[in-house]
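> After the structure tokens below, expect a handful of questions from me.
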Amino acid sequence: MSDVIAPVAAVFFPYIGGFPSGSITRTHMRWYESLKKPPWCPPNNFFSPVWMVLYGSMGYASYLTWRDGRGFDGAALPLALYSTQLALNWAWTPIFFSARSIKWALIDMVCLWGAIAGTTYLFHGINQTASYLMLPYLGWVSFASALVFNIWRNNPDTTKIKE
């Protein structure tokens with residue numbers, strides 16, 4: 001039975017922070033829509049499906065690493081870094097949308113990128129497939145970092161933007 005529970009739990013674990021993020025985002029959508037964004041910014045309805053796929057793939061990658069690393073005995077550092085990147089991921093939405101701090105969201109995202117890259121590297125030493133499952137996530141956060149940098153640069157004073 002645990003052969004089924006562990007991978008399912010690992011896949012769904014990232015959604016714990018993902019679902020509240022969607023609610024926060026919807027609450028502050030008027031503010032977000034008022035920001036100056038580059039023409040290459042994806043439409044709003046694009047973000048949710050992307051995150052649904054990325055959360056599932058990173059969750060499964062963590063399971064593969066946990067399984068092949070014999071739990072925390074052989075994979076403590078990769079799983080700790082995975083947890084760190086997940087916490088940074090979950091923190092980003094409240095920083096950006098609730099606090100409306102584009103600068104601090106960008107700083108969080110740079111730290112997130114480093115944690116994802118480190119996690120991907122450490123996962124590779126335990127399970128190559130796990131590291132490959134992290135690559136789309138790293139690619140998306142790279143793109144999102146460029147987007148947030150552009151938004152930060154083009155919206156120097158978001159405190160004057162009202163909902």
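Residue numbers start at 1 in each chain; chains themselves are named A, B, ... in the order of the structure tokens; ligands are numbered from 1 in the order shown.
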Fewer than 6 positions away in the same chain doesn't count, so skip those; otherwise give me all residues within 10 Å of Phe12 (chain A), counting only C-alpha atoms, as a VMD selection string.
chain A and resid 18 55 to 60
> Show me, as a VMD selection string, the residues that have an atom within 12 Å of region 43-47 of chain A when counting only C-alpha atoms, minus same-chain residues fewer than 2 positions from it.
chain A and resid 18 21 to 22 25 to 26 29 to 30 32 to 33 37 to 41 49 to 54 140 to 141 144
> Mind dumping the selected residues with N, CA and C atoms as a PDB file, in the first residue's frame?

```pdb
ATOM      1  N   GLY A  18       0.316  25.664  -3.526  1.00  0.00           N
ATOM      2  CA  GLY A  18      -0.135  26.149  -4.828  1.00  0.00           C
ATOM      3  C   GLY A  18      -1.584  26.587  -4.849  1.00  0.00           C
ATOM      4  N   SER A  21      -2.120  29.976  -3.324  1.00  0.00           N
ATOM      5  CA  SER A  21      -1.538  30.990  -4.216  1.00  0.00           C
ATOM      6  C   SER A  21      -2.538  31.416  -5.278  1.00  0.00           C
ATOM      7  N   GLY A  22      -3.285  30.470  -5.799  1.00  0.00           N
ATOM      8  CA  GLY A  22      -4.305  30.795  -6.799  1.00  0.00           C
ATOM      9  C   GLY A  22      -5.363  31.726  -6.235  1.00  0.00           C
ATOM     10  N   THR A  25      -3.828  35.201  -5.852  1.00  0.00           N
ATOM     11  CA  THR A  25      -3.685  35.819  -7.170  1.00  0.00           C
ATOM     12  C   THR A  25      -5.022  36.386  -7.644  1.00  0.00           C
ATOM     13  N   ARG A  26      -6.084  35.590  -7.528  1.00  0.00           N
ATOM     14  CA  ARG A  26      -7.403  36.060  -7.975  1.00  0.00           C
ATOM     15  C   ARG A  26      -7.859  37.298  -7.197  1.00  0.00           C
ATOM     16  N   MET A  29      -6.077  40.447  -8.722  1.00  0.00           N
ATOM     17  CA  MET A  29      -5.947  40.456 -10.177  1.00  0.00           C
ATOM     18  C   MET A  29      -6.070  41.866 -10.764  1.00  0.00           C
ATOM     19  N   ARG A  30      -6.935  42.703 -10.208  1.00  0.00           N
ATOM     20  CA  ARG A  30      -7.065  44.073 -10.755  1.00  0.00           C
ATOM     21  C   ARG A  30      -5.755  44.822 -10.630  1.00  0.00           C
ATOM     22  N   TYR A  32      -2.703  43.467 -10.508  1.00  0.00           N
ATOM     23  CA  TYR A  32      -1.772  42.860 -11.463  1.00  0.00           C
ATOM     24  C   TYR A  32      -2.055  43.350 -12.878  1.00  0.00           C
ATOM     25  N   GLU A  33      -3.325  43.400 -13.248  1.00  0.00           N
ATOM     26  CA  GLU A  33      -3.676  43.841 -14.602  1.00  0.00           C
ATOM     27  C   GLU A  33      -3.325  45.300 -14.839  1.00  0.00           C
ATOM     28  N   LYS A  37       3.310  45.551 -18.305  1.00  0.00           N
ATOM     29  CA  LYS A  37       3.970  44.278 -18.572  1.00  0.00           C
ATOM     30  C   LYS A  37       4.478  44.271 -20.011  1.00  0.00           C
ATOM     31  N   PRO A  38       5.499  43.459 -20.282  1.00  0.00           N
ATOM     32  CA  PRO A  38       6.025  43.399 -21.648  1.00  0.00           C
ATOM     33  C   PRO A  38       5.041  42.698 -22.583  1.00  0.00           C
ATOM     34  N   PRO A  39       5.177  42.922 -23.867  1.00  0.00           N
ATOM     35  CA  PRO A  39       4.263  42.273 -24.822  1.00  0.00           C
ATOM     36  C   PRO A  39       4.387  40.745 -24.838  1.00  0.00           C
ATOM     37  N   TRP A  40       5.490  40.215 -24.354  1.00  0.00           N
ATOM     38  CA  TRP A  40       5.689  38.770 -24.346  1.00  0.00           C
ATOM     39  C   TRP A  40       5.182  38.104 -23.066  1.00  0.00           C
ATOM     40  N   CYS A  41       4.475  38.866 -22.236  1.00  0.00           N
ATOM     41  CA  CYS A  41       3.874  38.304 -21.025  1.00  0.00           C
ATOM     42  C   CYS A  41       2.729  37.368 -21.425  1.00  0.00           C
ATOM     43  N   PRO A  49      -2.447  26.436 -15.558  1.00  0.00           N
ATOM     44  CA  PRO A  49      -2.117  25.108 -16.100  1.00  0.00           C
ATOM     45  C   PRO A  49      -0.623  24.800 -16.066  1.00  0.00           C
ATOM     46  N   VAL A  50       0.202  25.810 -16.291  1.00  0.00           N
ATOM     47  CA  VAL A  50       1.648  25.585 -16.229  1.00  0.00           C
ATOM     48  C   VAL A  50       2.040  25.134 -14.826  1.00  0.00           C
ATOM     49  N   TRP A  51       1.537  25.845 -13.807  1.00  0.00           N
ATOM     50  CA  TRP A  51       1.886  25.482 -12.434  1.00  0.00           C
ATOM     51  C   TRP A  51       1.335  24.124 -12.045  1.00  0.00           C
ATOM     52  N   MET A  52       0.181  23.752 -12.564  1.00  0.00           N
ATOM     53  CA  MET A  52      -0.372  22.432 -12.247  1.00  0.00           C
ATOM     54  C   MET A  52       0.592  21.328 -12.709  1.00  0.00           C
ATOM     55  N   VAL A  53       1.123  21.481 -13.907  1.00  0.00           N
ATOM     56  CA  VAL A  53       2.069  20.487 -14.439  1.00  0.00           C
ATOM     57  C   VAL A  53       3.384  20.523 -13.666  1.00  0.00           C
ATOM     58  N   LEU A  54       3.903  21.729 -13.422  1.00  0.00           N
ATOM     59  CA  LEU A  54       5.196  21.850 -12.742  1.00  0.00           C
ATOM     60  C   LEU A  54       5.145  21.310 -11.315  1.00  0.00           C
ATOM     61  N   TRP A 140      10.938  27.465 -16.603  1.00  0.00           N
ATOM     62  CA  TRP A 140       9.814  28.370 -16.357  1.00  0.00           C
ATOM     63  C   TRP A 140      10.199  29.484 -15.390  1.00  0.00           C
ATOM     64  N   VAL A 141      10.906  29.143 -14.333  1.00  0.00           N
ATOM     65  CA  VAL A 141      11.319  30.160 -13.367  1.00  0.00           C
ATOM     66  C   VAL A 141      12.345  31.110 -13.990  1.00  0.00           C
ATOM     67  N   ALA A 144      10.091  33.367 -15.948  1.00  0.00           N
ATOM     68  CA  ALA A 144       9.327  34.192 -15.001  1.00  0.00           C
ATOM     69  C   ALA A 144      10.206  35.242 -14.337  1.00  0.00           C
TER      70      ALA A 144
END
```
> List the spatial neighbours of region 128-134 of chain A as a list in words - criterion: any atom at most 8 Å away, only C-alpha atoms, same-chain residues fewer than 4 positions off excluded.
Ser57, Met58, Tyr60, Ala61, Ser62, Leu64, Thr65, Ile116, Thr119, Thr120, Tyr121, Leu122, Phe123, His124 and Leu138 of chain A
> Can you write out the residues you just picked, keeping all heavy atoms, as a compact mmCIF listing (two decimals), in the first residue's frame?

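Here's the written file again21.txt:
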```
# COMPACT_ATOMS: atom_id res chain seq x y z
N SER A 57 5.22 17.50 -11.51
CA SER A 57 6.50 16.93 -11.92
C SER A 57 7.57 17.10 -10.84
O SER A 57 8.35 16.18 -10.59
CB SER A 57 6.97 17.52 -13.25
OG SER A 57 7.24 18.89 -13.14
N MET A 58 7.57 18.25 -10.15
CA MET A 58 8.56 18.42 -9.08
C MET A 58 8.24 17.48 -7.91
O MET A 58 9.15 16.95 -7.27
CB MET A 58 8.69 19.87 -8.64
CG MET A 58 7.57 20.39 -7.77
SD MET A 58 7.86 22.03 -7.08
CE MET A 58 7.39 23.07 -8.40
N TYR A 60 6.83 14.50 -8.13
CA TYR A 60 7.25 13.15 -8.50
C TYR A 60 8.77 13.03 -8.47
O TYR A 60 9.31 12.00 -8.06
CB TYR A 60 6.70 12.75 -9.87
CG TYR A 60 6.89 11.29 -10.15
CD1 TYR A 60 6.24 10.33 -9.39
CD2 TYR A 60 7.74 10.85 -11.16
CE1 TYR A 60 6.44 8.97 -9.61
CE2 TYR A 60 7.93 9.51 -11.40
CZ TYR A 60 7.28 8.56 -10.63
OH TYR A 60 7.48 7.23 -10.86
N ALA A 61 9.46 14.09 -8.87
CA ALA A 61 10.93 14.09 -8.80
C ALA A 61 11.40 13.91 -7.37
O ALA A 61 12.36 13.17 -7.10
CB ALA A 61 11.49 15.39 -9.39
N SER A 62 10.70 14.56 -6.43
CA SER A 62 11.10 14.41 -5.02
C SER A 62 10.87 12.97 -4.55
O SER A 62 11.67 12.43 -3.78
CB SER A 62 10.35 15.40 -4.13
OG SER A 62 8.99 15.04 -3.96
N LEU A 64 11.02 10.22 -6.46
CA LEU A 64 12.07 9.38 -7.04
C LEU A 64 13.38 9.52 -6.26
O LEU A 64 14.09 8.54 -6.03
CB LEU A 64 12.30 9.74 -8.51
CG LEU A 64 11.17 9.43 -9.48
CD1 LEU A 64 11.48 9.98 -10.86
CD2 LEU A 64 10.88 7.93 -9.53
N THR A 65 13.68 10.74 -5.85
CA THR A 65 14.91 10.98 -5.08
C THR A 65 14.80 10.35 -3.69
O THR A 65 15.75 9.72 -3.22
CB THR A 65 15.17 12.50 -4.97
OG1 THR A 65 15.28 13.02 -6.31
CG2 THR A 65 16.43 12.79 -4.20
N ILE A 116 16.39 25.84 -7.00
CA ILE A 116 15.95 24.85 -7.99
C ILE A 116 17.14 24.26 -8.72
O ILE A 116 17.23 23.05 -8.92
CB ILE A 116 14.97 25.47 -9.01
CG1 ILE A 116 13.69 25.94 -8.34
CG2 ILE A 116 14.63 24.46 -10.12
CD1 ILE A 116 12.83 26.85 -9.22
N THR A 119 18.88 21.93 -6.37
CA THR A 119 18.07 20.72 -6.19
C THR A 119 18.20 19.81 -7.41
O THR A 119 18.39 18.59 -7.27
CB THR A 119 16.59 21.10 -5.98
OG1 THR A 119 16.48 21.91 -4.81
CG2 THR A 119 15.71 19.86 -5.84
N THR A 120 18.12 20.39 -8.58
CA THR A 120 18.25 19.62 -9.83
C THR A 120 19.59 18.91 -9.88
O THR A 120 19.67 17.72 -10.22
CB THR A 120 18.05 20.54 -11.05
OG1 THR A 120 16.78 21.18 -10.93
CG2 THR A 120 18.14 19.77 -12.35
N TYR A 121 20.64 19.63 -9.53
CA TYR A 121 21.98 19.05 -9.53
C TYR A 121 22.09 17.89 -8.53
O TYR A 121 22.60 16.82 -8.85
CB TYR A 121 23.01 20.14 -9.21
CG TYR A 121 24.41 19.61 -9.08
CD1 TYR A 121 25.16 19.31 -10.20
CD2 TYR A 121 24.97 19.39 -7.82
CE1 TYR A 121 26.45 18.80 -10.08
CE2 TYR A 121 26.25 18.90 -7.68
CZ TYR A 121 26.99 18.60 -8.82
OH TYR A 121 28.25 18.09 -8.69
N LEU A 122 21.59 18.12 -7.32
CA LEU A 122 21.68 17.07 -6.29
C LEU A 122 20.78 15.87 -6.61
O LEU A 122 21.15 14.73 -6.33
CB LEU A 122 21.34 17.64 -4.92
CG LEU A 122 22.36 18.65 -4.36
CD1 LEU A 122 21.85 19.24 -3.05
CD2 LEU A 122 23.73 18.01 -4.17
N PHE A 123 19.62 16.13 -7.19
CA PHE A 123 18.74 15.03 -7.59
C PHE A 123 19.45 14.14 -8.63
O PHE A 123 19.29 12.93 -8.62
CB PHE A 123 17.44 15.56 -8.18
CG PHE A 123 16.38 15.92 -7.18
CD1 PHE A 123 16.65 16.03 -5.82
CD2 PHE A 123 15.08 16.18 -7.60
CE1 PHE A 123 15.66 16.37 -4.90
CE2 PHE A 123 14.08 16.52 -6.70
CZ PHE A 123 14.37 16.62 -5.35
N HIS A 124 20.22 14.76 -9.52
CA HIS A 124 20.88 14.01 -10.60
C HIS A 124 21.81 12.93 -10.05
O HIS A 124 21.93 11.86 -10.65
CB HIS A 124 21.65 14.97 -11.52
CG HIS A 124 22.11 14.32 -12.77
ND1 HIS A 124 23.35 13.72 -12.88
CD2 HIS A 124 21.51 14.19 -13.96
CE1 HIS A 124 23.48 13.24 -14.09
NE2 HIS A 124 22.38 13.51 -14.78
N LEU A 138 12.82 24.73 -13.85
CA LEU A 138 13.93 25.68 -13.89
C LEU A 138 13.78 26.61 -15.10
O LEU A 138 14.00 27.82 -14.98
CB LEU A 138 15.26 24.93 -13.95
CG LEU A 138 16.52 25.78 -13.86
CD1 LEU A 138 16.59 26.54 -12.54
CD2 LEU A 138 17.75 24.89 -14.02
```
> Would you please extract all alpha helix (DSSP H) residues from region 37-75 of chain A, as assigned by DSSP on the backbone, and give them as a PDB file with N, CA, C and O atoms, in the first residue's frame?

```
ATOM      1  N   ASN A  44      -3.171  35.700 -18.659  1.00  0.00           N
ATOM      2  CA  ASN A  44      -3.400  35.275 -17.274  1.00  0.00           C
ATOM      3  C   ASN A  44      -3.830  33.818 -17.160  1.00  0.00           C
ATOM      4  O   ASN A  44      -3.437  33.124 -16.225  1.00  0.00           O
ATOM      5  N   ASN A  45      -4.636  33.341 -18.095  1.00  0.00           N
ATOM      6  CA  ASN A  45      -5.139  31.964 -18.004  1.00  0.00           C
ATOM      7  C   ASN A  45      -4.083  30.920 -18.353  1.00  0.00           C
ATOM      8  O   ASN A  45      -4.345  29.730 -18.286  1.00  0.00           O
ATOM      9  N   PHE A  46      -2.884  31.340 -18.686  1.00  0.00           N
ATOM     10  CA  PHE A  46      -1.787  30.434 -19.017  1.00  0.00           C
ATOM     11  C   PHE A  46      -1.061  29.934 -17.764  1.00  0.00           C
ATOM     12  O   PHE A  46      -0.553  28.817 -17.733  1.00  0.00           O
ATOM     13  N   PHE A  47      -1.027  30.775 -16.723  1.00  0.00           N
ATOM     14  CA  PHE A  47      -0.201  30.485 -15.550  1.00  0.00           C
ATOM     15  C   PHE A  47      -0.678  29.266 -14.758  1.00  0.00           C
ATOM     16  O   PHE A  47       0.127  28.433 -14.363  1.00  0.00           O
ATOM     17  N   SER A  48      -1.950  29.147 -14.504  1.00  0.00           N
ATOM     18  CA  SER A  48      -2.468  28.057 -13.680  1.00  0.00           C
ATOM     19  C   SER A  48      -2.168  26.673 -14.268  1.00  0.00           C
ATOM     20  O   SER A  48      -1.661  25.802 -13.552  1.00  0.00           O
ATOM     21  N   PRO A  49      -2.447  26.436 -15.558  1.00  0.00           N
ATOM     22  CA  PRO A  49      -2.117  25.108 -16.100  1.00  0.00           C
ATOM     23  C   PRO A  49      -0.623  24.800 -16.066  1.00  0.00           C
ATOM     24  O   PRO A  49      -0.230  23.656 -15.811  1.00  0.00           O
ATOM     25  N   VAL A  50       0.202  25.810 -16.291  1.00  0.00           N
ATOM     26  CA  VAL A  50       1.648  25.585 -16.229  1.00  0.00           C
ATOM     27  C   VAL A  50       2.040  25.134 -14.826  1.00  0.00           C
ATOM     28  O   VAL A  50       2.766  24.151 -14.651  1.00  0.00           O
ATOM     29  N   TRP A  51       1.537  25.845 -13.807  1.00  0.00           N
ATOM     30  CA  TRP A  51       1.886  25.482 -12.434  1.00  0.00           C
ATOM     31  C   TRP A  51       1.335  24.124 -12.045  1.00  0.00           C
ATOM     32  O   TRP A  51       1.972  23.390 -11.261  1.00  0.00           O
ATOM     33  N   MET A  52       0.181  23.752 -12.564  1.00  0.00           N
ATOM     34  CA  MET A  52      -0.372  22.432 -12.247  1.00  0.00           C
ATOM     35  C   MET A  52       0.592  21.328 -12.709  1.00  0.00           C
ATOM     36  O   MET A  52       0.855  20.377 -11.967  1.00  0.00           O
ATOM     37  N   VAL A  53       1.123  21.481 -13.907  1.00  0.00           N
ATOM     38  CA  VAL A  53       2.069  20.487 -14.439  1.00  0.00           C
ATOM     39  C   VAL A  53       3.384  20.523 -13.666  1.00  0.00           C
ATOM     40  O   VAL A  53       3.925  19.484 -13.275  1.00  0.00           O
ATOM     41  N   LEU A  54       3.903  21.729 -13.422  1.00  0.00           N
ATOM     42  CA  LEU A  54       5.196  21.850 -12.742  1.00  0.00           C
ATOM     43  C   LEU A  54       5.145  21.310 -11.315  1.00  0.00           C
ATOM     44  O   LEU A  54       6.076  20.623 -10.877  1.00  0.00           O
ATOM     45  N   TYR A  55       4.072  21.614 -10.577  1.00  0.00           N
ATOM     46  CA  TYR A  55       3.959  21.083  -9.210  1.00  0.00           C
ATOM     47  C   TYR A  55       3.937  19.555  -9.212  1.00  0.00           C
ATOM     48  O   TYR A  55       4.579  18.920  -8.376  1.00  0.00           O
ATOM     49  N   GLY A  56       3.207  18.964 -10.125  1.00  0.00           N
ATOM     50  CA  GLY A  56       3.166  17.502 -10.200  1.00  0.00           C
ATOM     51  C   GLY A  56       4.515  16.900 -10.548  1.00  0.00           C
ATOM     52  O   GLY A  56       4.938  15.911  -9.938  1.00  0.00           O
ATOM     53  N   SER A  57       5.216  17.495 -11.508  1.00  0.00           N
ATOM     54  CA  SER A  57       6.504  16.930 -11.917  1.00  0.00           C
ATOM     55  C   SER A  57       7.568  17.102 -10.835  1.00  0.00           C
ATOM     56  O   SER A  57       8.351  16.185 -10.590  1.00  0.00           O
ATOM     57  N   MET A  58       7.569  18.254 -10.155  1.00  0.00           N
ATOM     58  CA  MET A  58       8.561  18.416  -9.081  1.00  0.00           C
ATOM     59  C   MET A  58       8.238  17.484  -7.915  1.00  0.00           C
ATOM     60  O   MET A  58       9.147  16.954  -7.271  1.00  0.00           O
ATOM     61  N   GLY A  59       6.964  17.281  -7.645  1.00  0.00           N
ATOM     62  CA  GLY A  59       6.582  16.357  -6.585  1.00  0.00           C
ATOM     63  C   GLY A  59       7.026  14.938  -6.883  1.00  0.00           C
ATOM     64  O   GLY A  59       7.563  14.243  -6.016  1.00  0.00           O
ATOM     65  N   TYR A  60       6.831  14.500  -8.130  1.00  0.00           N
ATOM     66  CA  TYR A  60       7.252  13.153  -8.500  1.00  0.00           C
ATOM     67  C   TYR A  60       8.775  13.032  -8.471  1.00  0.00           C
ATOM     68  O   TYR A  60       9.315  12.004  -8.056  1.00  0.00           O
ATOM     69  N   ALA A  61       9.465  14.093  -8.873  1.00  0.00           N
ATOM     70  CA  ALA A  61      10.929  14.091  -8.804  1.00  0.00           C
ATOM     71  C   ALA A  61      11.396  13.913  -7.366  1.00  0.00           C
ATOM     72  O   ALA A  61      12.360  13.174  -7.099  1.00  0.00           O
ATOM     73  N   SER A  62      10.704  14.562  -6.426  1.00  0.00           N
ATOM     74  CA  SER A  62      11.103  14.414  -5.020  1.00  0.00           C
ATOM     75  C   SER A  62      10.869  12.971  -4.545  1.00  0.00           C
ATOM     76  O   SER A  62      11.673  12.431  -3.782  1.00  0.00           O
ATOM     77  N   TYR A  63       9.788  12.364  -5.021  1.00  0.00           N
ATOM     78  CA  TYR A  63       9.531  10.971  -4.659  1.00  0.00           C
ATOM     79  C   TYR A  63      10.639  10.057  -5.187  1.00  0.00           C
ATOM     80  O   TYR A  63      11.147   9.193  -4.455  1.00  0.00           O
ATOM     81  N   LEU A  64      11.021  10.222  -6.455  1.00  0.00           N
ATOM     82  CA  LEU A  64      12.073   9.380  -7.038  1.00  0.00           C
ATOM     83  C   LEU A  64      13.379   9.518  -6.255  1.00  0.00           C
ATOM     84  O   LEU A  64      14.088   8.536  -6.026  1.00  0.00           O
ATOM     85  N   THR A  65      13.685  10.740  -5.848  1.00  0.00           N
ATOM     86  CA  THR A  65      14.905  10.981  -5.076  1.00  0.00           C
ATOM     87  C   THR A  65      14.798  10.353  -3.692  1.00  0.00           C
ATOM     88  O   THR A  65      15.746   9.722  -3.215  1.00  0.00           O
ATOM     89  N   TRP A  66      13.648  10.515  -3.062  1.00  0.00           N
ATOM     90  CA  TRP A  66      13.426   9.912  -1.747  1.00  0.00           C
ATOM     91  C   TRP A  66      13.536   8.390  -1.840  1.00  0.00           C
ATOM     92  O   TRP A  66      14.197   7.756  -1.022  1.00  0.00           O
ATOM     93  N   ARG A  67      12.895   7.810  -2.859  1.00  0.00           N
ATOM     94  CA  ARG A  67      12.897   6.348  -3.032  1.00  0.00           C
ATOM     95  C   ARG A  67      14.309   5.826  -3.286  1.00  0.00           C
ATOM     96  O   ARG A  67      14.780   4.912  -2.607  1.00  0.00           O
ATOM     97  N   ASP A  68      15.007   6.398  -4.264  1.00  0.00           N
ATOM     98  CA  ASP A  68      16.315   5.882  -4.639  1.00  0.00           C
ATOM     99  C   ASP A  68      17.417   6.304  -3.672  1.00  0.00           C
ATOM    100  O   ASP A  68      18.475   5.676  -3.634  1.00  0.00           O
ATOM    101  N   PHE A  72      15.547   9.731   3.920  1.00  0.00           N
ATOM    102  CA  PHE A  72      16.449  10.784   4.372  1.00  0.00           C
ATOM    103  C   PHE A  72      17.850  10.256   4.670  1.00  0.00           C
ATOM    104  O   PHE A  72      18.776  11.043   4.848  1.00  0.00           O
ATOM    105  N   ASP A  73      18.003   8.923   4.703  1.00  0.00           N
ATOM    106  CA  ASP A  73      19.333   8.357   4.960  1.00  0.00           C
ATOM    107  C   ASP A  73      20.327   8.744   3.870  1.00  0.00           C
ATOM    108  O   ASP A  73      21.446   9.135   4.158  1.00  0.00           O
ATOM    109  N   GLY A  74      19.916   8.643   2.624  1.00  0.00           N
ATOM    110  CA  GLY A  74      20.831   8.928   1.521  1.00  0.00           C
ATOM    111  C   GLY A  74      20.476  10.164   0.721  1.00  0.00           C
ATOM    112  O   GLY A  74      21.196  10.507  -0.216  1.00  0.00           O
ATOM    113  N   ALA A  75      19.379  10.840   1.078  1.00  0.00           N
ATOM    114  CA  ALA A  75      18.946  11.994   0.275  1.00  0.00           C
ATOM    115  C   ALA A  75      18.564  13.193   1.147  1.00  0.00           C
ATOM    116  O   ALA A  75      17.768  14.029   0.735  1.00  0.00           O
TER     117      ALA A  75
END
```
> One number please: CA of Pro156 (chain A) to CA of Ala115 (chain A), in Å, one decimal.
27.1 Å
